[in-house]
$ cat data27.cif   # mmCIF, C-alpha atoms and all ligand atoms
data_model
loop_
_atom_site.label_atom_id
_atom_site.label_comp_id
_atom_site.auth_asym_id
_atom_site.auth_seq_id
_atom_site.Cartn_x
_atom_site.Cartn_y
_atom_site.Cartn_z
CA MET K 25 107.00 98.15 119.75
CA LYS K 26 105.94 98.73 123.34
CA THR K 27 102.81 100.80 122.72
CA PHE K 28 102.24 102.16 126.20
CA LEU K 29 105.89 103.06 126.73
CA PHE K 30 106.01 104.75 123.33
CA ILE K 31 102.96 106.94 124.10
CA LEU K 32 104.29 107.73 127.58
CA ILE K 33 107.67 108.87 126.23
CA VAL K 34 106.03 111.03 123.57
CA ILE K 35 103.63 112.71 126.03
CA ALA K 36 106.35 113.23 128.66
CA SER K 37 108.82 114.80 126.25
CA GLY K 38 106.13 117.04 124.75
CA ALA K 39 104.99 118.18 128.19
CA ALA K 40 108.53 118.84 129.40
CA ALA K 41 109.54 120.80 126.30
CA GLY K 42 106.22 122.67 126.40
CA LEU K 43 106.64 123.69 130.05
CA ILE K 44 110.16 124.91 129.21
CA HIS K 45 108.62 126.88 126.34
CA GLY K 46 105.96 128.44 128.58
CA GLY K 47 108.53 129.29 131.24
CA LEU K 48 110.86 130.89 128.69
CA ASN K 49 107.95 132.92 127.34
CA LEU K 50 107.35 134.40 130.81
CA ILE K 51 110.88 135.80 130.65
CA PHE K 52 111.31 136.65 126.97
CA VAL K 53 107.88 137.22 125.43
CA GLU K 54 105.67 138.55 128.24
CA PRO K 55 107.41 141.97 128.38
CA SER K 56 106.35 142.59 124.75
CA LEU K 57 102.84 141.32 125.45
CA ASP K 58 102.52 143.63 128.46
CA GLN K 59 103.71 146.55 126.35
CA ALA K 60 101.24 145.78 123.56
CA ILE K 61 98.32 145.35 125.97
CA GLY K 62 99.44 148.61 127.63
CA ILE K 63 98.86 150.33 124.29
CA GLU K 64 95.38 148.80 124.14
CA ASN K 65 94.64 150.11 127.63
CA GLN K 66 95.61 153.62 126.52
CA HIS K 67 93.25 153.27 123.55
CA MET K 68 90.45 152.19 125.89
CA PHE K 69 91.07 155.15 128.20
CA ALA K 70 91.10 157.50 125.21
CA SER K 71 87.83 156.13 123.85
CA GLY K 72 86.20 156.18 127.30
CA GLU K 73 85.58 152.42 127.24
CA GLU K 74 87.56 152.10 130.50
CA LYS K 75 88.62 154.66 133.11
CA ASP K 76 92.22 155.07 134.28
CA THR K 77 91.41 154.37 137.96
CA PRO K 78 93.22 152.37 140.68
CA GLU K 79 90.33 149.87 140.53
CA PHE K 80 91.00 149.30 136.87
CA TRP K 81 94.65 148.55 137.52
CA ILE K 82 93.91 146.15 140.39
CA LYS K 83 91.53 144.23 138.17
CA TYR K 84 93.93 144.39 135.26
CA ASP K 85 96.94 143.15 137.24
CA GLY K 86 94.97 140.25 138.67
CA TYR K 87 93.73 139.34 135.24
CA ARG K 88 97.18 139.47 133.68
CA THR K 89 98.67 137.32 136.46
CA TRP K 90 96.00 134.72 135.77
CA GLN K 91 96.70 134.95 132.05
CA LYS K 92 100.43 134.50 132.60
CA SER K 93 99.81 131.31 134.56
CA GLY K 94 97.80 130.25 131.50
CA GLN K 95 100.89 130.87 129.39
CA VAL K 96 102.67 128.04 131.19
CA LEU K 97 99.63 125.77 131.20
CA ALA K 98 99.07 126.39 127.49
CA GLY K 99 102.77 125.72 126.96
CA GLY K 100 102.26 122.27 128.42
CA ILE K 101 99.15 121.61 126.31
CA LEU K 102 100.69 122.87 123.07
CA GLY K 103 103.91 121.07 123.91
CA VAL K 104 102.09 117.74 124.25
CA SER K 105 100.11 118.42 121.09
CA ILE K 106 103.09 119.24 118.84
CA GLY K 107 105.08 116.56 120.65
CA ALA K 108 102.42 114.00 119.69
CA LEU K 109 102.86 114.88 116.01
CA PHE K 110 106.62 114.75 116.43
CA GLY K 111 106.39 111.35 118.12
CA ILE K 112 104.26 109.90 115.31
CA VAL K 113 106.64 111.13 112.62
CA PHE K 114 109.70 110.04 114.59
CA ALA K 115 108.40 106.52 115.15
CA LEU K 116 107.47 106.13 111.48
CA SER K 117 110.66 107.62 110.07
CA ARG K 118 113.23 106.53 112.66
CA ASN K 119 114.76 103.82 110.46
CA SER K 120 115.43 106.22 107.61
CA LEU K 121 116.62 109.21 109.66
CA PRO K 122 120.36 109.95 109.50
CA GLY K 123 122.42 109.74 112.70
CA LYS K 124 123.76 106.86 114.72
CA THR K 125 121.98 107.54 118.00
CA ASP K 126 118.33 108.25 118.75
CA ILE K 127 119.27 111.69 120.06
CA LYS K 128 120.90 112.62 116.73
CA LYS K 129 117.97 111.19 114.78
CA ALA K 130 115.47 113.11 116.93
CA LEU K 131 117.46 116.32 116.52
CA VAL K 132 117.57 115.92 112.74
CA LEU K 133 113.82 115.39 112.61
CA ALA K 134 113.17 118.27 115.02
CA GLY K 135 115.27 120.50 112.76
CA ILE K 136 113.36 119.45 109.63
CA MET K 137 109.96 119.89 111.29
CA TRP K 138 111.00 123.20 112.88
CA LEU K 139 111.99 124.50 109.45
CA THR K 140 109.03 123.20 107.42
CA ILE K 141 106.07 123.54 109.77
CA TYR K 142 107.29 126.41 111.92
CA PHE K 143 110.01 128.66 110.57
CA ILE K 144 109.07 128.92 106.89
CA PRO K 145 105.38 129.52 107.80
CA PHE K 146 106.61 132.09 110.36
CA LEU K 147 108.49 133.96 107.62
CA LYS K 148 105.30 134.09 105.56
CA TYR K 149 102.92 134.86 108.43
CA PRO K 150 105.05 136.22 111.30
CA ALA K 151 103.70 136.23 114.85
CA ASN K 152 102.06 139.45 115.98
CA PRO K 153 101.63 140.93 119.45
CA PRO K 154 98.18 142.00 120.70
CA THR K 155 96.62 145.13 119.06
CA VAL K 156 97.81 144.13 115.58
CA GLY K 157 95.14 141.60 114.62
CA ASP K 158 91.75 142.66 113.31
CA PRO K 159 88.98 140.51 114.91
CA GLU K 160 87.11 140.63 111.59
CA THR K 161 89.86 138.70 109.80
CA ILE K 162 90.66 136.10 112.49
CA VAL K 163 89.05 133.18 110.65
CA LEU K 164 90.74 134.08 107.38
CA ARG K 165 94.12 134.47 109.07
CA GLY K 166 93.70 131.15 110.88
CA ILE K 167 92.87 129.37 107.63
CA LEU K 168 95.78 130.98 105.74
CA TYR K 169 98.24 130.02 108.46
CA LEU K 170 97.05 126.42 108.75
CA VAL K 171 96.87 125.95 105.00
CA PHE K 172 100.41 127.25 104.55
CA ILE K 173 101.72 124.98 107.31
CA ALA K 174 99.94 122.02 105.71
CA ILE K 175 101.29 122.89 102.24
CA SER K 176 104.80 123.12 103.63
CA GLY K 177 104.63 119.98 105.78
CA PHE K 178 102.95 117.76 103.20
CA GLY K 179 105.16 119.28 100.50
CA ALA K 180 108.32 118.30 102.35
CA PHE K 181 106.92 114.83 103.01
CA GLY K 182 105.79 114.42 99.40
CA PHE K 183 109.15 115.37 97.90
CA TYR K 184 110.93 113.07 100.32
CA LYS K 185 108.68 110.15 99.32
CA LEU K 186 109.08 110.98 95.65
CA SER K 187 112.86 110.94 95.84
CA GLN K 188 112.68 107.63 97.68
CA LYS K 189 110.47 106.17 94.94
CA LEU K 190 112.62 107.47 92.10
CA LYS K 191 115.75 106.46 94.04
CA THR K 192 117.32 109.89 93.54
CA LYS K 193 119.62 111.69 95.95
CA LYS K 194 118.13 113.51 98.95
CA LEU K 195 119.36 116.78 97.45
CA VAL K 196 116.81 116.38 94.65
CA ALA K 197 114.03 116.27 97.25
CA ILE K 198 115.41 119.36 98.99
CA VAL K 199 115.64 121.35 95.74
CA GLY K 200 112.17 120.20 94.72
CA TYR K 201 110.69 121.23 98.06
CA ALA K 202 112.51 124.58 97.96
CA ALA K 203 111.08 125.41 94.53
CA PHE K 204 107.63 124.22 95.59
CA ILE K 205 107.49 126.19 98.84
CA GLY K 206 109.00 129.23 97.08
CA ILE K 207 106.05 129.26 94.69
CA ALA K 208 103.56 128.75 97.52
CA PHE K 209 105.23 131.58 99.43
CA VAL K 210 104.66 133.99 96.54
CA VAL K 211 101.19 132.74 95.58
CA MET K 212 99.59 132.65 99.05
CA PRO K 213 97.85 135.91 100.01
CA GLU K 214 99.43 138.24 102.57
CA ASN K 215 98.19 138.74 106.11
CA PRO K 216 95.39 141.26 105.48
CA ASP K 217 95.92 143.25 108.72
CA LYS K 218 97.74 146.57 108.74
CA ILE K 219 100.25 147.00 111.56
CA THR K 220 99.52 150.13 113.58
CA ALA K 221 101.61 149.22 116.65
CA PRO K 222 105.19 150.58 116.84
CA MET K 223 107.43 148.51 114.58
CA ASP K 224 110.11 148.25 117.30
CA LEU K 225 107.69 146.51 119.59
CA VAL K 226 106.43 144.20 116.82
CA ASN K 227 109.94 143.23 115.71
CA ASN K 228 111.15 142.64 119.23
CA PHE K 229 108.10 140.47 119.90
CA ARG K 230 108.70 138.44 116.73
CA ILE K 231 112.36 137.80 117.53
CA MET K 232 111.57 136.67 121.07
CA SER K 233 108.65 134.55 119.91
CA ALA K 234 110.76 132.78 117.26
CA PHE K 235 113.56 132.35 119.78
CA THR K 236 111.45 130.52 122.38
CA VAL K 237 109.56 128.41 119.82
CA SER K 238 112.92 127.36 118.38
CA LEU K 239 114.14 126.41 121.84
CA TYR K 240 110.95 124.36 122.26
CA TRP K 241 111.81 122.32 119.14
CA LEU K 242 115.39 121.90 120.31
CA SER K 243 114.24 120.73 123.77
CA LEU K 244 111.70 118.40 122.22
CA GLY K 245 114.35 116.74 120.05
CA VAL K 246 116.83 116.38 122.91
CA ILE K 247 114.28 115.10 125.45
CA LEU K 248 112.46 112.68 123.16
CA GLY K 249 115.77 111.44 121.73
CA SER K 250 117.23 110.87 125.21
CA LEU K 251 114.13 109.11 126.55
CA TRP K 252 113.96 106.97 123.43
CA HIS K 253 117.63 106.11 123.71
CA HIS K 254 117.19 105.14 127.34
CA TYR K 255 113.92 103.18 127.19
CA LYS K 256 114.07 101.85 123.59
CA PRO K 257 110.29 101.56 123.03
CA HIS K 258 110.85 100.19 119.50
CA LYS K 259 112.27 96.94 120.89
CA GLU K 260 109.80 94.09 120.82
CA ILE K 261 109.00 92.34 124.05
CA ILE K 262 110.65 88.96 123.65
CA PRO K 263 108.20 86.22 124.64
CA PHE K 264 109.35 83.24 126.66
CA ASN K 265 109.04 80.16 124.51
CA MET U 26 97.58 85.63 115.97
CA SER U 27 100.08 86.64 113.34
CA GLN U 28 97.28 87.86 111.10
CA SER U 29 95.72 90.18 113.68
CA ARG U 30 99.17 91.56 114.45
CA GLN U 31 99.59 92.55 110.84
CA ILE U 32 96.35 94.47 110.84
CA ASN U 33 97.18 96.43 113.96
CA VAL U 34 100.77 97.33 113.22
CA SER U 35 101.94 99.59 110.41
CA LYS U 36 104.80 98.36 108.23
CA ASN U 37 107.34 100.20 110.41
CA GLY U 38 106.16 98.24 113.43
CA VAL U 39 104.34 101.21 114.97
CA PRO U 40 100.95 100.25 116.45
CA VAL U 41 98.08 101.97 114.67
CA THR U 42 96.27 102.52 117.98
CA ALA U 43 99.20 104.58 119.23
CA ILE U 44 99.25 106.67 116.05
CA VAL U 45 95.50 107.31 116.25
CA ALA U 46 95.66 108.21 119.96
CA LEU U 47 98.56 110.62 119.42
CA ALA U 48 96.88 112.14 116.36
CA ILE U 49 93.81 112.91 118.50
CA VAL U 50 96.04 114.49 121.16
CA PHE U 51 97.71 116.57 118.45
CA VAL U 52 94.49 117.93 116.97
CA ALA U 53 92.76 118.56 120.31
CA GLY U 54 95.75 120.34 121.85
CA LEU U 55 96.35 122.46 118.78
CA PHE U 56 92.71 123.51 118.74
CA VAL U 57 92.61 124.41 122.43
CA VAL U 58 95.72 126.58 122.30
CA GLY U 59 95.62 127.88 118.76
CA PHE U 60 92.02 128.26 117.71
CA ASP U 61 89.32 127.84 120.38
CA GLN U 62 86.94 130.80 120.57
CA GLY U 63 84.62 129.31 123.18
CA HIS U 64 83.76 126.14 121.26
CA ILE U 65 84.95 123.60 123.80
CA PHE U 66 83.17 124.99 126.85
CA SER U 67 80.07 125.68 124.77
CA LEU U 68 79.57 121.90 124.72
CA VAL U 69 78.89 122.11 128.45
CA TYR U 70 77.88 125.70 129.11
CA GLY U 71 76.10 126.53 125.86
CA GLU U 72 76.07 129.93 124.19
CA GLU U 73 77.47 131.67 127.24
CA ALA U 74 80.88 130.13 126.57
CA PHE U 75 81.27 132.15 123.38
CA GLN U 76 80.87 135.30 125.49
CA ASP U 77 83.23 134.26 128.27
CA LEU U 78 85.98 132.86 126.05
CA TYR U 79 87.53 131.22 129.11
CA ILE U 80 89.94 128.91 127.26
CA HIS U 81 90.79 131.60 124.73
CA GLU U 82 91.69 134.03 127.51
CA LEU U 83 93.66 131.43 129.46
CA THR U 84 95.73 130.23 126.50
CA HIS U 85 95.80 133.70 124.99
CA ASP U 86 99.41 134.67 125.73
CA MET U 87 100.77 131.42 124.33
CA ARG U 88 98.56 131.84 121.29
CA HIS U 89 100.36 135.06 120.46
CA ALA U 90 103.78 133.81 121.60
CA ALA U 91 103.62 130.65 119.48
CA GLY U 92 102.62 132.61 116.38
CA PHE U 93 98.93 131.74 116.02
CA PRO U 94 96.64 134.40 114.60
CA CYS U 95 94.85 136.39 117.31
CA HIS U 96 93.78 139.93 118.05
ZN ZN O 1 95.14 138.17 121.26
#
$ encode --input "data27.cif" --output "C-alpha cells"
Amino acid sequence: MKTFLFILIVIASGAAAGLIHGGLNLIFVEPSLDQAIGIENQHMFASGEEKDTPEFWIKYDGYRTWQKSGQVLAGGILGVSIGALFGIVFALSRNSLPGKTDIKKALVLAGIMWLTIYFIPFLKYPANPPTVGDPETIVLRGILYLVFIAISGFGAFGFYKLSQKLKTKKLVAIVGYAAFIGIAFVVMPENPDKITAPMDLVNNFRIMSAFTVSLYWLSLGVILGSLWHHYKPHKEIIPFN
Amino acid sequence: MSQSRQINVSKNGVPVTAIVALAIVFVAGLFVVGFDQGHIFSLVYGEEAFQDLYIHELTHDMRHAAGFPCH
C-alpha cells in the first residue's frame, strides 16, 4: 500500500465532507441555534444578568458571526477526525466489503458506520439545541454518549468477527447485533436533563442535525470511494528488478 | 527486508504507521470538537484557558449540530 497516498486521500475526503457538513449546518441548523440562544438571551435579560441594549446586540451579533465561522472550521476538523476512523476501517475491511467498485464498498461501510456509531446512538441520546443541557451533568452526558457509541461500534464489529469465525451467514451477525444493541438501549441510563425549551424548536433542531450529519456520511463515502477508485492507494509500488 | 516488512504491515497490507497516525488524528479531532472545555489551550496559557473556553466557543455550534452533549 502507498502509505502517504492513503493518508492523503483519507484526510482530503474527511476535510471535504466536513466542510460540506459545516456549510450545510449554516443553512439548516443555525436558524435553530439562533432561536435557542435567543431564548437564553431573554432569560438573561429577565434575570438582569445582561441588559437589552443596542450595545449588547452589537456585541452579540459579532460574537455569533465569529461562532458561525467556527461552525465551518469545526466541520473541517470533525470531518477529518471521523474521516480518519472511516479510512482506517475502510482500508482494513475493503477486501471483505460487498460491492464491485470502491465507491460501492465505501458507501456500504459509510452506511454501516452511520447506523452503528451515529444514528442508533442518536436515537438513544438525541442532539439538543442550546438551553437544554445542564452544565452540572455535562461530564456524565459525555461519558454516556461515548460509552454507548463504543458499545454499538465494538458490538457491531464483534458480531461481524464472530460470524466470520463460526462461518455463519451475515444475517446471524445482524440479528445478534440487533439483540445486543436493543438490550444496551434499554439498560443504559437516560439523558438526565429535563427539556424546558419548546418541543417544536427541539424537534426541528434534531431533524436538521440528523439530516446534515447523514449527508456528511454520504459525502464521506462518495468522496473517499471516488478518490480511492481513482488513485488506488492499495496497489503496491512495483519495483524495477 | 522481508522480515521488517512483515512487522510494519498488518495482515491486510495496511501500514501500521498509517493506522497509528490516523488514529491520533481521530482522537485529537474528536476531542477538540466534541469535548474540549479549555484543556488544549491550558497547556500553553494555563488556568486562564478554562475561563476563556476559546476552542469550546469556536467549535460550539458544531458541537451541538453534530449531537455532542453541551449546554
Ligand atoms: Zn452549548
$ closest_atom_pairs --input "data27.cif" --of "chain U" --to "ligand ZN 1 (chain O)" --cutoff "12 Å" --atoms "all atoms listed in the file" --output "JSON lines"
{"residue": "U:Val58", "atom": "CA", "partner": "O:ZN1", "partner_atom": "ZN", "distance": 11.7}
{"residue": "U:Gly59", "atom": "CA", "partner": "O:ZN1", "partner_atom": "ZN", "distance": 10.6}
{"residue": "U:Phe60", "atom": "CA", "partner": "O:ZN1", "partner_atom": "ZN", "distance": 11.0}
{"residue": "U:Asp61", "atom": "CA", "partner": "O:ZN1", "partner_atom": "ZN", "distance": 11.9}
{"residue": "U:Gln62", "atom": "CA", "partner": "O:ZN1", "partner_atom": "ZN", "distance": 11.0}
{"residue": "U:Leu78", "atom": "CA", "partner": "O:ZN1", "partner_atom": "ZN", "distance": 11.6}
{"residue": "U:His81", "atom": "CA", "partner": "O:ZN1", "partner_atom": "ZN", "distance": 8.6}
{"residue": "U:Glu82", "atom": "CA", "partner": "O:ZN1", "partner_atom": "ZN", "distance": 8.3}
{"residue": "U:Leu83", "atom": "CA", "partner": "O:ZN1", "partner_atom": "ZN", "distance": 10.7}
{"residue": "U:Thr84", "atom": "CA", "partner": "O:ZN1", "partner_atom": "ZN", "distance": 9.5}
{"residue": "U:His85", "atom": "CA", "partner": "O:ZN1", "partner_atom": "ZN", "distance": 5.9}
{"residue": "U:Asp86", "atom": "CA", "partner": "O:ZN1", "partner_atom": "ZN", "distance": 7.1}
{"residue": "U:Met87", "atom": "CA", "partner": "O:ZN1", "partner_atom": "ZN", "distance": 9.3}
{"residue": "U:Arg88", "atom": "CA", "partner": "O:ZN1", "partner_atom": "ZN", "distance": 7.2}
{"residue": "U:His89", "atom": "CA", "partner": "O:ZN1", "partner_atom": "ZN", "distance": 6.1}
{"residue": "U:Ala90", "atom": "CA", "partner": "O:ZN1", "partner_atom": "ZN", "distance": 9.7}
{"residue": "U:Ala91", "atom": "CA", "partner": "O:ZN1", "partner_atom": "ZN", "distance": 11.5}
{"residue": "U:Gly92", "atom": "CA", "partner": "O:ZN1", "partner_atom": "ZN", "distance": 10.5}
{"residue": "U:Phe93", "atom": "CA", "partner": "O:ZN1", "partner_atom": "ZN", "distance": 9.1}
{"residue": "U:Pro94", "atom": "CA", "partner": "O:ZN1", "partner_atom": "ZN", "distance": 7.8}
{"residue": "U:Cys95", "atom": "CA", "partner": "O:ZN1", "partner_atom": "ZN", "distance": 4.3}
{"residue": "U:His96", "atom": "CA", "partner": "O:ZN1", "partner_atom": "ZN", "distance": 3.9}
$ interface_residues --input "data27.cif" --of "chain K" --to "chain U" --cutoff "7 Å" --atoms "all atoms listed in the file" --output "number ranges by chain"
K: 25, 27, 31, 53, 91-92, 94-95, 98-99, 101-102, 105-106, 108-109, 112, 115-116, 150-159, 162, 165-166, 233, 237
$ atom_distance --input "data27.cif" --atom1 "atom CA of Leu32 of chain K" --atom2 "atom CA of Phe66 of chain U"
27.3 Å
$ residues_near_point --input "data27.cif" --point "(110.7, 112.0, 114.7)" --cutoff "10 Å" --atoms "only C-alpha atoms" --output "NGL selection string"
:K and (107-118 or 121 or 126 or 129-137 or 244-245 or 248-249)
$ atom_distance --input "data27.cif" --atom1 "atom CA of Val171 of chain K" --atom2 "atom CA of Trp138 of chain K"
16.4 Å
$ atom_distance --input "data27.cif" --atom1 "atom CA of Phe28 of chain K" --atom2 "atom CA of Gly123 of chain K"
25.4 Å
$ decode --input "data27.cif" --residues "segment 46-65 of chain U" --atoms "N, CA, C and O atoms" --output "compact mmCIF listing (two decimals), in the first residue's frame"
# COMPACT_ATOMS: atom_id res chain seq x y z
N ALA U 46 -1.13 6.91 12.88
CA ALA U 46 -1.24 8.34 12.59
C ALA U 46 -2.70 8.76 12.47
O ALA U 46 -3.13 9.77 13.06
N LEU U 47 -3.48 7.98 11.74
CA LEU U 47 -4.90 8.32 11.56
C LEU U 47 -5.68 8.17 12.87
O LEU U 47 -6.61 8.95 13.13
N ALA U 48 -5.29 7.20 13.69
CA ALA U 48 -5.97 7.04 14.98
C ALA U 48 -5.73 8.26 15.86
O ALA U 48 -6.64 8.72 16.57
N ILE U 49 -4.52 8.81 15.80
CA ILE U 49 -4.21 10.02 16.59
C ILE U 49 -5.05 11.20 16.07
O ILE U 49 -5.63 11.96 16.85
N VAL U 50 -5.14 11.32 14.76
CA VAL U 50 -5.96 12.38 14.15
C VAL U 50 -7.41 12.25 14.61
O VAL U 50 -8.07 13.23 14.97
N PHE U 51 -7.89 11.02 14.61
CA PHE U 51 -9.28 10.75 15.02
C PHE U 51 -9.53 11.22 16.45
O PHE U 51 -10.45 12.01 16.71
N VAL U 52 -8.69 10.79 17.37
CA VAL U 52 -8.91 11.10 18.79
C VAL U 52 -8.76 12.60 19.04
O VAL U 52 -9.60 13.23 19.71
N ALA U 53 -7.71 13.20 18.46
CA ALA U 53 -7.46 14.63 18.70
C ALA U 53 -8.61 15.47 18.14
O ALA U 53 -9.12 16.38 18.82
N GLY U 54 -9.03 15.19 16.93
CA GLY U 54 -10.11 15.97 16.31
C GLY U 54 -11.42 15.83 17.06
O GLY U 54 -12.14 16.81 17.28
N LEU U 55 -11.71 14.61 17.46
CA LEU U 55 -12.95 14.35 18.20
C LEU U 55 -12.95 15.12 19.52
O LEU U 55 -13.95 15.73 19.91
N PHE U 56 -11.79 15.15 20.17
CA PHE U 56 -11.70 15.85 21.45
C PHE U 56 -11.89 17.35 21.27
O PHE U 56 -12.64 18.00 22.00
N VAL U 57 -11.22 17.91 20.27
CA VAL U 57 -11.29 19.35 20.04
C VAL U 57 -12.73 19.80 19.77
O VAL U 57 -13.22 20.76 20.33
N VAL U 58 -13.42 19.06 18.91
CA VAL U 58 -14.78 19.49 18.54
C VAL U 58 -15.81 19.03 19.56
O VAL U 58 -16.72 19.78 19.92
N GLY U 59 -15.66 17.82 20.07
CA GLY U 59 -16.72 17.27 20.89
C GLY U 59 -16.60 17.51 22.38
O GLY U 59 -17.61 17.59 23.07
N PHE U 60 -15.38 17.65 22.90
CA PHE U 60 -15.26 17.59 24.35
C PHE U 60 -14.38 18.63 25.02
O PHE U 60 -14.43 18.78 26.23
N ASP U 61 -13.56 19.39 24.28
CA ASP U 61 -12.64 20.30 24.95
C ASP U 61 -13.38 21.36 25.76
O ASP U 61 -14.33 21.97 25.29
N GLN U 62 -12.95 21.54 26.99
CA GLN U 62 -13.51 22.60 27.85
C GLN U 62 -12.38 23.52 28.30
O GLN U 62 -12.35 23.98 29.42
N GLY U 63 -11.44 23.79 27.41
CA GLY U 63 -10.31 24.63 27.76
C GLY U 63 -9.02 23.85 27.97
O GLY U 63 -7.97 24.42 28.23
N HIS U 64 -9.08 22.52 27.85
CA HIS U 64 -7.91 21.70 28.15
C HIS U 64 -6.73 21.99 27.23
O HIS U 64 -5.60 22.11 27.68
N ILE U 65 -7.01 22.08 25.92
CA ILE U 65 -5.90 22.17 24.97
C ILE U 65 -5.12 23.47 25.13
O ILE U 65 -3.90 23.46 25.24
